[in-house]
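File shown: final.cif (mmCIF, C-alpha atoms).
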data_model
loop_
_atom_site.label_atom_id
_atom_site.label_comp_id
_atom_site.auth_asym_id
_atom_site.auth_seq_id
_atom_site.Cartn_x
_atom_site.Cartn_y
_atom_site.Cartn_z
CA MET A 10 -10.57 -36.27 1.36
CA SER A 11 -9.85 -38.76 4.09
CA GLU A 12 -10.70 -42.33 3.35
CA ILE A 13 -11.94 -44.12 6.46
CA ILE A 14 -12.43 -47.87 6.28
CA SER A 15 -13.13 -50.44 8.97
CA ASN A 16 -10.31 -52.67 10.17
CA PRO A 17 -11.55 -56.29 9.88
CA GLN A 18 -9.18 -57.47 12.60
CA ASN A 19 -10.35 -55.33 15.48
CA GLY A 20 -13.27 -53.41 14.05
CA SER A 21 -11.58 -50.04 14.56
CA GLU A 22 -11.58 -47.43 11.85
CA VAL A 23 -8.43 -47.06 9.78
CA ASP A 24 -7.65 -43.94 7.79
CA GLU A 25 -6.11 -45.04 4.50
CA THR A 26 -5.48 -41.59 3.12
CA PRO A 27 -1.97 -41.50 1.65
CA ASP A 28 0.69 -39.60 3.58
CA GLU A 29 1.18 -37.17 0.69
CA LEU A 30 -2.41 -36.03 0.86
CA LEU A 31 -2.34 -35.72 4.64
CA ILE A 32 0.80 -33.61 4.33
CA GLU A 33 -0.86 -31.29 1.80
CA GLN A 34 -3.91 -30.96 4.01
CA SER A 35 -1.67 -30.27 7.01
CA LYS A 36 0.15 -27.59 5.04
CA ASN A 37 -3.23 -25.98 4.46
CA GLY A 38 -3.86 -25.94 8.19
CA SER A 39 -5.68 -29.23 8.84
CA MET A 40 -4.76 -30.36 12.31
CA ASP A 41 -6.86 -33.50 11.88
CA SER A 42 -4.63 -34.60 9.02
CA PHE A 43 -1.53 -33.83 11.02
CA GLU A 44 -2.92 -35.82 13.94
CA GLU A 45 -3.36 -38.79 11.61
CA LEU A 46 0.29 -38.47 10.55
CA VAL A 47 1.30 -38.43 14.20
CA ARG A 48 -0.75 -41.55 14.89
CA ARG A 49 0.82 -43.38 11.96
CA HIS A 50 4.45 -42.59 12.60
CA LYS A 51 4.76 -41.86 16.30
CA ASP A 52 6.25 -45.28 17.15
CA LYS A 53 9.03 -44.94 14.58
CA ILE A 54 9.90 -41.43 15.72
CA TYR A 55 9.79 -42.42 19.37
CA ALA A 56 11.99 -45.47 18.66
CA ARG A 57 14.62 -43.34 16.95
CA ALA A 58 14.69 -40.87 19.83
CA PHE A 59 14.90 -43.72 22.32
CA SER A 60 17.73 -45.49 20.50
CA MET A 61 19.77 -42.32 20.73
CA MET A 62 18.83 -41.13 24.20
CA ARG A 63 18.18 -44.47 25.98
CA ASN A 64 15.72 -42.71 28.22
CA GLU A 65 11.95 -43.08 28.00
CA ASP A 66 11.01 -39.62 29.24
CA GLY A 67 13.66 -37.93 27.14
CA ALA A 68 12.64 -39.89 24.06
CA LEU A 69 8.97 -38.99 24.53
CA GLU A 70 9.73 -35.32 24.99
CA LEU A 71 12.11 -35.10 22.04
CA SER A 72 9.84 -37.08 19.71
CA GLN A 73 6.93 -34.76 20.55
CA LEU A 74 9.14 -31.75 20.01
CA ALA A 75 10.10 -33.22 16.62
CA TRP A 76 6.42 -33.27 15.63
CA ILE A 77 6.01 -29.66 16.73
CA ARG A 78 9.04 -28.65 14.64
CA ALA A 79 7.66 -30.61 11.72
CA TRP A 80 4.38 -28.66 11.92
CA GLN A 81 6.29 -25.39 11.99
CA LYS A 82 8.51 -26.35 9.05
CA LEU A 83 5.99 -28.32 7.03
CA ASP A 84 6.11 -25.79 4.18
CA GLN A 85 9.80 -26.65 3.76
CA PHE A 86 9.03 -30.32 3.13
CA LYS A 87 9.14 -30.72 -0.64
CA GLY A 88 8.86 -34.49 -0.82
CA ASP A 89 12.46 -35.11 -1.93
CA SER A 90 12.64 -37.89 0.67
CA SER A 91 9.84 -39.73 2.45
CA PHE A 92 8.01 -37.88 5.20
CA THR A 93 9.33 -40.26 7.86
CA THR A 94 12.91 -39.82 6.65
CA TRP A 95 12.51 -36.03 6.86
CA LEU A 96 10.92 -36.28 10.28
CA THR A 97 13.55 -38.73 11.50
CA ARG A 98 16.27 -36.23 10.55
CA ILE A 99 14.51 -33.58 12.61
CA THR A 100 14.38 -36.02 15.53
CA ILE A 101 18.06 -36.90 15.16
CA ASN A 102 19.03 -33.22 15.12
CA LEU A 103 17.02 -32.56 18.26
CA CYS A 104 18.64 -35.53 20.00
CA LEU A 105 22.11 -34.35 18.94
CA ASP A 106 21.33 -30.87 20.24
CA GLU A 107 20.26 -32.39 23.54
CA ILE A 108 23.41 -34.49 23.75
CA ARG A 109 25.54 -31.43 22.96
CA LYS A 110 23.76 -29.49 25.67
CA ARG A 111 24.88 -32.05 28.16
CA LYS A 112 28.43 -31.34 27.05
CA ARG A 113 29.19 -34.99 26.82
CA PHE A 114 30.85 -34.68 23.46
CA SER A 115 34.03 -33.39 24.99
CA ALA A 116 36.30 -36.21 26.20
CA GLU A 117 33.66 -38.09 28.16
CA SER A 118 35.90 -41.10 28.71
CA ILE A 119 39.24 -42.64 27.99
CA ASP A 120 37.66 -44.02 24.83
CA GLU A 121 37.23 -40.46 23.65
CA LEU A 122 40.89 -39.72 24.16
CA ASP A 123 41.84 -42.89 22.37
CA GLU A 124 39.69 -42.20 19.37
CA SER A 125 41.01 -38.69 18.97
CA GLY A 126 44.16 -40.32 17.72
CA GLY A 127 46.29 -38.62 20.31
CA VAL A 128 46.83 -41.62 22.52
CA GLU A 129 46.29 -44.86 20.69
CA ARG A 130 47.81 -44.97 17.27
CA LYS A 131 48.40 -48.70 17.35
CA ILE A 132 45.44 -51.00 17.11
CA PRO A 133 45.61 -54.55 18.48
CA VAL A 134 44.18 -57.29 16.31
CA MET A 135 41.14 -59.16 17.60
CA GLU A 136 39.37 -62.22 16.26
CA PHE A 137 35.60 -62.05 16.24
CA ASN A 138 33.29 -64.77 15.05
CA PRO A 139 29.72 -63.50 15.07
CA THR A 140 26.31 -65.15 14.86
CA SER A 141 27.37 -68.55 16.12
CA GLY A 142 24.01 -70.16 16.63
CA MET A 143 22.16 -67.14 17.97
CA GLU A 144 18.42 -66.85 17.57
CA ARG A 145 17.51 -63.61 15.81
CA THR A 146 15.21 -62.37 18.56
CA GLU A 147 17.82 -63.02 21.19
CA LEU A 148 20.55 -61.61 18.99
CA ARG A 149 18.54 -58.40 18.50
CA GLN A 150 18.00 -58.11 22.23
CA ARG A 151 21.68 -58.67 22.97
CA VAL A 152 22.80 -56.17 20.36
CA ASP A 153 20.34 -53.67 21.81
CA GLU A 154 21.69 -54.27 25.31
CA ALA A 155 25.23 -53.86 24.03
CA LEU A 156 24.28 -50.60 22.31
CA ALA A 157 22.84 -49.36 25.59
CA GLN A 158 26.26 -49.83 27.18
CA LEU A 159 28.05 -47.69 24.62
CA SER A 160 28.79 -44.03 25.28
CA GLU A 161 26.38 -41.55 23.67
CA VAL A 162 28.76 -40.58 20.88
CA HIS A 163 29.58 -44.19 20.04
CA ARG A 164 25.94 -45.21 20.09
CA THR A 165 24.97 -42.20 17.98
CA VAL A 166 27.52 -42.99 15.31
CA ILE A 167 26.32 -46.61 15.13
CA VAL A 168 22.67 -45.56 14.93
CA LEU A 169 23.31 -43.01 12.21
CA HIS A 170 25.63 -45.20 10.15
CA GLU A 171 24.16 -48.66 10.61
CA PHE A 172 20.47 -47.99 11.14
CA GLU A 173 19.95 -44.71 9.31
CA GLY A 174 22.31 -45.74 6.52
CA MET A 175 24.15 -42.43 6.53
CA GLU A 176 27.54 -42.16 4.86
CA TYR A 177 30.59 -40.94 6.79
CA LYS A 178 30.14 -37.44 5.38
CA GLU A 179 26.49 -37.25 6.40
CA VAL A 180 27.26 -38.51 9.90
CA ALA A 181 30.04 -35.92 10.20
CA GLU A 182 27.67 -33.13 9.17
CA ALA A 183 24.99 -34.30 11.58
CA MET A 184 27.40 -34.65 14.49
CA GLY A 185 29.38 -31.53 13.67
CA CYS A 186 32.77 -33.24 13.48
CA SER A 187 35.31 -34.35 10.88
CA ILE A 188 35.01 -37.48 8.76
CA GLY A 189 38.17 -38.80 10.45
CA THR A 190 36.53 -38.48 13.86
CA VAL A 191 33.45 -40.30 12.58
CA MET A 192 35.60 -43.17 11.27
CA SER A 193 37.49 -43.36 14.52
CA ARG A 194 34.33 -43.29 16.63
CA LEU A 195 32.76 -45.92 14.44
CA PHE A 196 35.77 -48.19 14.81
CA TYR A 197 35.89 -47.93 18.59
CA ALA A 198 32.13 -48.33 18.83
CA ARG A 199 32.32 -51.51 16.77
CA ARG A 200 35.23 -52.84 18.76
CA ARG A 201 33.36 -52.21 22.00
CA LEU A 202 30.31 -53.95 20.57
CA ALA A 203 32.48 -56.88 19.51
CA THR A 204 33.86 -57.17 23.03
CA LEU A 205 30.41 -56.98 24.61
CA LEU A 206 28.99 -59.53 22.21
CA SER A 207 31.96 -61.84 22.59
CA GLY A 208 30.94 -62.17 26.22
CA PHE A 209 27.52 -63.19 25.04
CA ARG A 210 29.00 -65.71 22.63
CA ARG A 211 30.91 -67.41 25.44
CA GLU A 212 27.85 -67.37 27.67
CA TYR A 213 25.68 -68.71 24.87
CA SER A 214 28.00 -71.58 23.98
CA ALA A 215 28.44 -72.51 27.65
CA MET B 9 57.21 -60.53 76.38
CA ASN B 10 58.26 -57.64 74.33
CA GLU B 11 56.70 -57.90 70.88
CA LYS B 12 59.54 -56.06 69.15
CA ILE B 13 62.17 -58.47 70.47
CA LEU B 14 60.05 -61.45 69.35
CA LEU B 15 59.81 -60.01 65.86
CA ALA B 16 63.58 -59.51 65.81
CA ILE B 17 64.16 -63.17 66.81
CA HIS B 18 61.80 -64.37 64.07
CA ALA B 19 63.52 -62.13 61.55
CA ARG B 20 66.94 -63.52 62.44
CA GLU B 21 65.75 -67.14 62.29
CA ASP B 22 64.11 -66.49 58.92
CA GLY B 23 67.42 -65.24 57.59
CA GLU B 24 66.27 -61.66 57.18
CA SER B 25 68.86 -58.90 57.02
CA ALA B 26 70.46 -57.29 60.04
CA TRP B 27 68.62 -54.07 59.21
CA VAL B 28 65.23 -55.79 59.53
CA GLN B 29 66.36 -57.37 62.80
CA SER B 30 67.52 -54.05 64.22
CA GLN B 31 64.28 -52.36 63.17
CA ALA B 32 62.31 -55.07 64.95
CA MET B 33 64.46 -54.95 68.11
CA GLU B 34 64.54 -51.14 68.41
CA SER B 35 63.91 -49.97 71.97
CA GLY B 36 62.81 -53.44 73.08
CA VAL B 37 63.71 -54.96 76.49
CA MET B 38 63.90 -58.76 77.02
CA THR B 39 65.95 -61.15 79.16
CA ARG B 40 68.43 -63.57 77.59
CA GLU B 41 66.39 -66.60 78.84
CA GLU B 42 63.24 -65.30 77.29
CA MET B 43 65.00 -64.78 74.00
CA LEU B 44 66.45 -68.32 73.97
CA ALA B 45 63.07 -69.84 74.85
CA GLU B 46 61.40 -67.98 71.99
CA ARG B 47 64.12 -69.08 69.58
CA ASP B 48 63.69 -72.75 70.61
CA ALA B 49 59.91 -72.57 70.21
CA LEU B 50 60.34 -71.06 66.77
CA TRP B 51 62.79 -73.76 65.69
CA ARG B 52 60.40 -76.46 66.82
CA MET B 53 57.48 -74.91 64.91
CA LYS B 54 59.51 -74.59 61.75
CA SER B 55 60.70 -78.16 62.05
CA TYR B 56 57.13 -79.49 62.43
CA LEU B 57 55.93 -77.56 59.42
CA LYS B 58 58.81 -78.83 57.35
CA GLN B 59 58.15 -82.44 58.32
CA ALA B 60 54.40 -82.21 57.69
CA GLY B 61 54.75 -80.51 54.33
CA GLU B 62 51.74 -79.44 52.23
CA LEU B 63 48.92 -81.82 51.32
CA THR B 64 49.03 -82.94 47.73
CA ARG B 65 45.76 -82.26 45.91
CA PRO B 66 45.29 -83.99 42.56
CA CYS B 67 43.82 -81.97 39.69
CA PRO B 68 40.14 -82.99 39.39
CA VAL B 69 40.25 -83.20 35.58
CA SER B 70 42.40 -85.39 33.39
CA ASP B 71 45.47 -83.97 31.73
CA PRO B 72 44.03 -83.82 28.18
CA VAL B 73 40.93 -81.95 29.39
CA TYR B 74 43.03 -79.57 31.46
CA ILE B 75 45.31 -78.83 28.53
CA GLN B 76 42.38 -78.35 26.17
CA GLY B 77 40.81 -75.88 28.60
CA PHE B 78 44.07 -74.01 28.87
CA ARG B 79 44.36 -73.82 25.09
CA GLU B 80 40.81 -72.50 24.73
CA MET B 81 41.39 -69.96 27.43
CA PHE B 82 44.57 -68.81 25.84
CA SER B 83 43.17 -68.55 22.34
CA LYS B 84 41.05 -65.94 20.57
CA GLU B 85 40.09 -62.68 22.25
CA SER B 86 41.27 -63.68 25.72
CA GLN B 87 44.79 -63.94 24.40
CA PRO B 88 46.59 -60.64 24.62
CA SER B 89 47.38 -59.59 21.10
CA THR B 90 50.95 -59.04 20.15
CA VAL B 91 50.11 -57.77 16.68
CA TYR B 92 49.50 -54.06 16.34
CA LEU B 93 48.45 -52.11 13.29
CA GLU B 94 48.63 -48.44 12.40
CA LEU B 95 45.36 -46.58 12.97
CA ASP B 96 45.41 -45.17 9.44
CA GLN B 97 45.61 -48.65 7.95
CA VAL B 98 42.75 -49.84 10.11
CA MET B 99 40.61 -46.87 9.06
CA LYS B 100 41.26 -47.70 5.41
CA VAL B 101 40.13 -51.27 5.97
CA GLN B 102 37.02 -50.03 7.76
CA ALA B 103 36.23 -47.68 4.87
CA MET B 104 36.52 -50.70 2.59
CA VAL B 105 34.10 -52.71 4.75
CA ASP B 106 31.67 -49.77 4.67
CA GLY B 107 31.99 -49.35 0.93
CA GLU B 108 33.50 -45.89 1.25
CA THR B 109 36.88 -46.54 -0.35
CA PRO B 110 37.44 -44.37 -3.41
CA VAL B 111 37.60 -46.47 -6.58
CA SER B 112 41.08 -45.13 -7.32
CA GLN B 113 42.44 -46.63 -4.05
CA MET B 114 40.61 -49.93 -4.22
CA ALA B 115 43.19 -51.96 -6.13
CA ALA B 116 46.09 -50.86 -3.92
CA LEU B 117 44.10 -51.57 -0.77
CA ASN B 118 43.13 -55.01 -1.98
CA GLN B 119 46.78 -55.75 -2.63
CA THR B 120 47.78 -54.59 0.85
CA LEU B 121 45.01 -56.65 2.41
CA GLU B 122 46.06 -59.81 0.59
CA SER B 123 49.58 -59.54 1.91
CA SER B 124 48.73 -58.73 5.52
CA SER B 125 47.26 -61.31 7.84
CA PRO B 126 46.59 -58.81 10.69
CA LEU B 127 44.73 -56.52 8.30
CA GLN B 128 42.67 -59.49 7.17
CA SER B 129 41.81 -60.11 10.82
CA ILE B 130 40.65 -56.51 11.19
CA HIS B 131 38.61 -56.88 8.01
CA ARG B 132 36.98 -60.04 9.40
CA GLU B 133 36.30 -58.38 12.74
CA LEU B 134 34.71 -55.28 11.23
CA SER B 135 32.74 -57.20 8.62
CA GLY B 136 31.57 -59.57 11.33
CA ILE B 137 30.28 -56.90 13.69
CA ARG B 138 28.71 -54.97 10.82
CA GLN B 139 26.94 -58.10 9.64
CA LEU B 140 25.85 -58.89 13.18
CA VAL B 141 24.30 -55.46 13.74
CA ALA B 142 22.63 -55.61 10.32
CA GLU B 143 21.22 -59.07 11.02
CA ALA B 144 19.98 -58.08 14.43
CA GLY B 145 18.38 -54.91 13.12
CA GLU B 146 16.85 -52.31 15.34
CA PRO B 147 14.29 -53.41 17.89
CA THR B 148 10.78 -52.17 17.25
CA ARG B 149 9.61 -49.99 20.10
CA LYS B 150 6.10 -48.85 20.74
CA CYS B 151 5.50 -45.43 22.13
CA PRO B 152 4.54 -45.98 25.77
CA GLU B 153 1.81 -43.33 25.73
CA SER B 154 -1.65 -43.70 24.23
CA PRO B 155 -2.13 -42.03 20.83
CA GLU B 156 -4.66 -39.61 22.34
CA PHE B 157 -2.42 -38.47 25.17
CA TYR B 158 0.65 -38.30 22.93
CA TRP B 159 -1.23 -36.13 20.43
CA SER B 160 -2.73 -33.92 23.13
CA GLN B 161 0.77 -33.04 24.33
CA ILE B 162 1.78 -32.05 20.81
CA GLU B 163 -1.47 -30.24 19.99
CA LYS B 164 -1.02 -27.87 22.92
CA SER B 165 2.07 -26.40 21.28
CA LEU B 166 0.80 -26.15 17.72
CA VAL B 167 -0.13 -22.71 16.45
CA PRO B 168 -2.90 -23.03 13.84
CA ARG B 169 -1.39 -22.51 10.43
CA ILE B 170 -3.85 -19.75 9.35
CA GLN B 171 -2.94 -17.74 12.42
CA VAL B 172 0.70 -18.17 11.58
CA ARG B 173 0.12 -16.65 8.13
CA GLN B 174 -1.90 -13.77 9.58
CA ALA B 175 0.87 -13.10 12.06
CA ALA B 176 3.24 -12.63 9.17
CA TRP B 177 1.11 -9.63 8.04
CA SER B 178 0.08 -8.24 11.38
CA GLY B 179 2.33 -8.96 14.31
CA ILE B 180 5.89 -9.44 13.26
CA GLY B 181 5.08 -8.60 9.63
CA TRP B 182 4.57 -4.83 9.78
CA LYS B 183 8.03 -4.25 11.15
CA SER B 184 9.62 -6.11 8.30
CA TRP B 185 7.46 -4.30 5.77
CA VAL B 186 8.35 -0.91 7.28
CA SER B 187 12.03 -1.72 7.24
CA ARG B 188 11.75 -3.16 3.75
CA ILE B 189 10.09 -0.05 2.34
CA PHE B 190 11.77 2.71 4.31
CA GLY B 191 15.07 1.05 4.93
CA PRO B 192 16.74 1.99 1.63
CA VAL B 193 15.63 5.67 1.76
CA PHE B 194 16.27 6.24 5.41
CA LEU B 195 19.98 7.01 5.13
CA PRO B 196 19.74 9.46 2.21
CA ALA B 197 16.78 11.13 3.92
CA ALA B 198 18.69 11.51 7.16
CA LEU B 199 21.66 12.96 5.28
CA GLY B 200 19.35 15.39 3.50
CA VAL B 201 17.88 16.61 6.77
CA ILE B 202 21.35 17.14 8.22
CA ILE B 203 22.51 19.07 5.14
CA CYS B 204 19.36 21.22 5.17
CA LEU B 205 19.79 22.04 8.82
CA PHE B 206 23.42 22.98 8.21
CA ILE B 207 22.62 25.22 5.26
CA GLY B 208 19.72 26.76 7.15
CA HIS B 209 22.04 27.59 9.98
CA GLN B 210 24.50 29.18 7.58
CA LEU B 211 21.79 31.22 5.90
CA GLU B 212 20.50 32.42 9.21
CA ASN B 213 23.88 33.87 10.01
CA ASN B 214 24.58 35.24 6.52
CA PRO B 215 21.29 36.16 4.76
CA ILE B 216 21.59 36.49 1.00
CA TYR B 217 18.29 38.25 0.48
CA THR B 218 17.25 41.87 1.13
CA GLU B 219 14.27 42.61 3.23
CA VAL B 220 11.88 45.00 1.49
CA GLN B 221 8.92 46.82 2.85
CA VAL B 222 5.69 45.98 1.12
CA SER B 223 3.02 48.56 1.67
CA SER B 224 0.15 46.59 0.15
CA ALA B 225 -0.66 43.78 -2.29
CA LEU B 226 -3.44 42.79 -4.66
CA ILE B 227 -3.91 39.06 -5.19
CA ASP B 228 -6.30 37.58 -7.73
CA THR B 229 -6.70 33.92 -6.94
CA GLN B 230 -8.64 33.12 -10.11
CA SER B 231 -6.03 34.44 -12.51
CA GLY B 232 -3.16 33.64 -10.19
CA VAL B 233 -1.75 37.18 -10.43
CA ALA B 234 -0.36 39.05 -7.45
CA VAL B 235 0.69 42.76 -7.45
CA TYR B 236 2.91 43.99 -4.59
CA PHE B 237 3.36 47.74 -3.81
CA ILE B 238 6.86 48.35 -2.53
CA ASP B 239 7.79 51.62 -0.86
CA ASP B 240 11.28 50.69 0.33
CA PRO B 241 13.59 53.48 -0.87
CA SER B 242 16.76 51.39 -0.76
CA PHE B 243 15.22 48.64 -2.87
CA LEU B 244 13.75 51.16 -5.27
CA ASN B 245 17.06 52.94 -5.64
CA GLY B 246 18.82 49.71 -6.37
CA ALA B 247 16.14 48.69 -8.86
CA LEU B 248 16.37 52.00 -10.65
CA ASP B 249 20.13 51.71 -10.88
#
Will you turn the file into C-alpha cells for me?
Amino acid sequence: MSEIISNPQNGSEVDETPDELLIEQSKNGSMDSFEELVRRHKDKIYARAFSMMRNEDGALELSQLAWIRAWQKLDQFKGDSSFTTWLTRITINLCLDEIRKRKRFSAESIDELDESGGVERKIPVMEFNPTSGMERTELRQRVDEALAQLSEVHRTVIVLHEFEGMEYKEVAEAMGCSIGTVMSRLFYARRRLATLLSGFRREYSA
Amino acid sequence: MNEKILLAIHAREDGESAWVQSQAMESGVMTREEMLAERDALWRMKSYLKQAGELTRPCPVSDPVYIQGFREMFSKESQPSTVYLELDQVMKVQAMVDGETPVSQMAALNQTLESSSPLQSIHRELSGIRQLVAEAGEPTRKCPESPEFYWSQIEKSLVPRIQVRQAAWSGIGWKSWVSRIFGPVFLPAALGVIICLFIGHQLENNPIYTEVQVSSALIDTQSGVAVYFIDDPSFLNGALD
C-alpha cells in the first residue's frame, strides 16, 4: 500500500512508501509504483548519464532508456545492492555502449597512444598542491569544468573510480579493457586534471 | 634602379658571402655611378644608426621583485621536469594511493617510496588530485524535464508486465514449448522414417511373402474369429507338404 502524506513545506503530496515495496509492486505489474520510483531517482540517474556523456539530450535519452531496461529486467533485481546502485550500473553500461558505438575508444588522441604504454614509458615528475584556499562550491564547479575537458575514456574512468567507487577490476570489466589500461587511463586522467586545476590555482591566487 | 643590384650591394656591405652577392646580382643591369651612389647612401645610413644606438629602457620593477618573479615562474609545474620515472613504478605508487596494493607488496613498496624523492612527488601529486576530486564531489544535477514529461517518455515504451507474461505462453512461448517437447525426439523420428522408407523400398523390390487367393471369409466381430477360405493350389500344395 502506498503511503501518501502531505509535504508541510510546499503542501504537495509525498509518497513515503519504501523503495523495496514499490519495487515489489512494480514487479507485479504496477506502473504507478514504477512511476514513483522514476520520480524519486530520476535526477540521480540523469546526473550519472550527464557526467559521462556531457550532453543534455544524450543524457536524457540514455537515462530514460535505463528506466525502460530496468522495467524489463526488474525480475532480475534481487536486492543485493540498493535499487539506485543497480539502476546506475544499467545507466553506466548504456553510456559505455553509446561511447563504444561512436568508436572513440580506439586511439582518439595522442593521450591514448601515450597511455597504451607504447610511446611514453617515462613519466615526468610534477608538483601539485591542491585546495589552496578554494571555496568548496567553486572547487566543485572547477573540477566539473576540468572533467568536461577530459576525453570520454579519461572522464569515464574518473567517474567510475572516484564517484562510483569501483575498484580497478570492476572498472576494467565495465569498460571492457585490462586492469593495466585502467590504471594507465586513470593516471593520465589525473595528470590532466592536475594540469587543468593548476591553471585555476594560479588564477585564483592572482 | 635595378632591385637585384641594390640587394647585391647591401649584401656586400653587410659582409655576406660572395654566393649571396652573386645570387642578388644575377641578371641585373646597373651603371657604375649608380652602384657607387647606392653604396655611399648605405654607408651613411649604417653610420647614423650606429651613432644613434638603441634607446635604453629601464626595467619597471626593482631587481629583487624581478628576480622573485623569475624564481616563481621557474619553479613548480612551469619548470620543465628533468626527473623521469618508469611507468611501472608510477602505476605501483598509484595503486598504493588507491588502496589497491596487495598486502604482500606493501612493505617493499613503502621502502622504495621512502628512498625515492621523485616517487614521493608522484605520491603527493596523485594523493592531492584524488583528495581534490573527493572534496569537490560530484555536482548535483536536476533533470531538465518535468517529472510528468520525463515519465511520459518512458511510459510509452513500457510493455505492461502481465502482457509480458502472457506473451511468454502465447506469442514467442509456443515455439519454445514445441521445440522443448519435440526437439529431443525429432532426430530419432526422422531416422526411423528414413529407415522405414528404405526397408519399404527393398521389400517392394524383393517381396518375402506369397500372394494367396482367398475365395471367401467369415468374420465374427463379437468373438474376434475370422475364417478364410483359400483355393490357391500352390499355397495348398506347399501347406500339405
Interface rows for chain B against chain A: nearest pair, Å to one decimal, 8 Å, all atoms listed in the file, as a tab-separated table:
residue	atom	partner	partner_atom	distance
B:Lys84	CA	A:Glu136	CA	5.9
B:Glu85	CA	A:Met135	CA	5.9
B:Ser89	CA	A:Pro133	CA	5.9
B:Thr90	CA	A:Pro133	CA	7.2
B:Val91	CA	A:Pro133	CA	5.8
B:Tyr92	CA	A:Pro133	CA	4.5
B:Leu93	CA	A:Ile132	CA	5.0
B:Glu94	CA	A:Lys131	CA	5.0
B:Leu95	CA	A:Arg130	CA	5.2
B:Val98	CA	A:Ile132	CA	7.6
B:Met99	CA	A:Met192	CA	6.6
B:Gln102	CA	A:Phe196	CA	7.4
B:Ala103	CA	A:Met192	CA	7.9
B:Glu108	CA	A:Glu176	CA	7.9
B:Pro126	CA	A:Val134	CA	6.3
B:Ser129	CA	A:Glu136	CA	6.3
B:Ile130	CA	A:Val134	CA	6.3
B:Arg132	CA	A:Phe137	CA	7.3
B:Glu133	CA	A:Phe137	CA	5.1
B:Leu134	CA	A:Arg199	CA	7.1
B:Gly136	CA	A:Pro139	CA	5.7
B:Ile137	CA	A:Ala203	CA	6.2
B:Arg138	CA	A:Arg199	CA	7.8
B:Leu140	CA	A:Pro139	CA	6.3
B:Val141	CA	A:Val152	CA	6.8
B:Ala142	CA	A:Glu171	CA	7.1
B:Glu143	CA	A:Arg145	CA	7.6
B:Ala144	CA	A:Arg149	CA	4.3
B:Gly145	CA	A:Arg149	CA	6.4
B:Glu146	CA	A:Phe172	CA	7.0
B:Pro147	CA	A:Arg149	CA	6.6
B:Thr148	CA	A:Ala56	CA	7.0
B:Arg149	CA	A:Ala56	CA	5.3
B:Lys150	CA	A:Asp52	CA	5.1
B:Cys151	CA	A:Asp52	CA	5.0
B:Pro155	CA	A:Arg48	CA	6.1
B:Tyr158	CA	A:Gln73	CA	7.6
B:Trp159	CA	A:Glu44	CA	6.7
B:Gln161	CA	A:Gln73	CA	7.4
B:Ile162	CA	A:Gln73	CA	5.8
B:Ser165	CA	A:Ile77	CA	6.8
B:Leu166	CA	A:Ile77	CA	6.4
B:Pro168	CA	A:Gly38	CA	6.4
B:Arg169	CA	A:Gly38	CA	4.8
B:Ile170	CA	A:Gly38	CA	6.3
In Å, rounded to a single decimal, give me how far atom CA of A:Ala198 is from atom CA of A:Cys186.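 So the answer is 16.0 Å.
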Distance in Å - atom CA of B:Arg40 versus atom CA of B:Ala16: 13.4 Å
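Atom CA of B:Lys164 is found 21.4 Å from atom CA of A:Glu33.
What the PyMOL selection byres ((chain A and resi 97) around 9) picks from this file is Lys53, Ile54, Arg57, Ala58, Ala75, Phe92, Thr93, Thr94, Trp95, Leu96, Arg98, Ile99, Thr100, Ile101 and Asn102 of chain A.
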Residues in the PyMOL selection byres ((chain A and resi 108) around 12), expressed as a PDB file with C-alpha atoms, in the frame of the given file:
ATOM      1  CA  ALA A  58      14.690 -40.870  19.830  1.00  0.00           C
ATOM      2  CA  MET A  61      19.770 -42.320  20.730  1.00  0.00           C
ATOM      3  CA  MET A  62      18.830 -41.130  24.200  1.00  0.00           C
ATOM      4  CA  ARG A  63      18.180 -44.470  25.980  1.00  0.00           C
ATOM      5  CA  GLY A  67      13.660 -37.930  27.140  1.00  0.00           C
ATOM      6  CA  LEU A  71      12.110 -35.100  22.040  1.00  0.00           C
ATOM      7  CA  ILE A 101      18.060 -36.900  15.160  1.00  0.00           C
ATOM      8  CA  ASN A 102      19.030 -33.220  15.120  1.00  0.00           C
ATOM      9  CA  LEU A 103      17.020 -32.560  18.260  1.00  0.00           C
ATOM     10  CA  CYS A 104      18.640 -35.530  20.000  1.00  0.00           C
ATOM     11  CA  LEU A 105      22.110 -34.350  18.940  1.00  0.00           C
ATOM     12  CA  ASP A 106      21.330 -30.870  20.240  1.00  0.00           C
ATOM     13  CA  GLU A 107      20.260 -32.390  23.540  1.00  0.00           C
ATOM     14  CA  ARG A 109      25.540 -31.430  22.960  1.00  0.00           C
ATOM     15  CA  LYS A 110      23.760 -29.490  25.670  1.00  0.00           C
ATOM     16  CA  ARG A 111      24.880 -32.050  28.160  1.00  0.00           C
ATOM     17  CA  LYS A 112      28.430 -31.340  27.050  1.00  0.00           C
ATOM     18  CA  ARG A 113      29.190 -34.990  26.820  1.00  0.00           C
ATOM     19  CA  PHE A 114      30.850 -34.680  23.460  1.00  0.00           C
ATOM     20  CA  SER A 115      34.030 -33.390  24.990  1.00  0.00           C
ATOM     21  CA  GLU A 117      33.660 -38.090  28.160  1.00  0.00           C
ATOM     22  CA  SER A 160      28.790 -44.030  25.280  1.00  0.00           C
ATOM     23  CA  GLU A 161      26.380 -41.550  23.670  1.00  0.00           C
ATOM     24  CA  VAL A 162      28.760 -40.580  20.880  1.00  0.00           C
ATOM     25  CA  ARG A 164      25.940 -45.210  20.090  1.00  0.00           C
ATOM     26  CA  THR A 165      24.970 -42.200  17.980  1.00  0.00           C
ATOM     27  CA  MET A 184      27.400 -34.650  14.490  1.00  0.00           C
TER      28      MET A 184
END
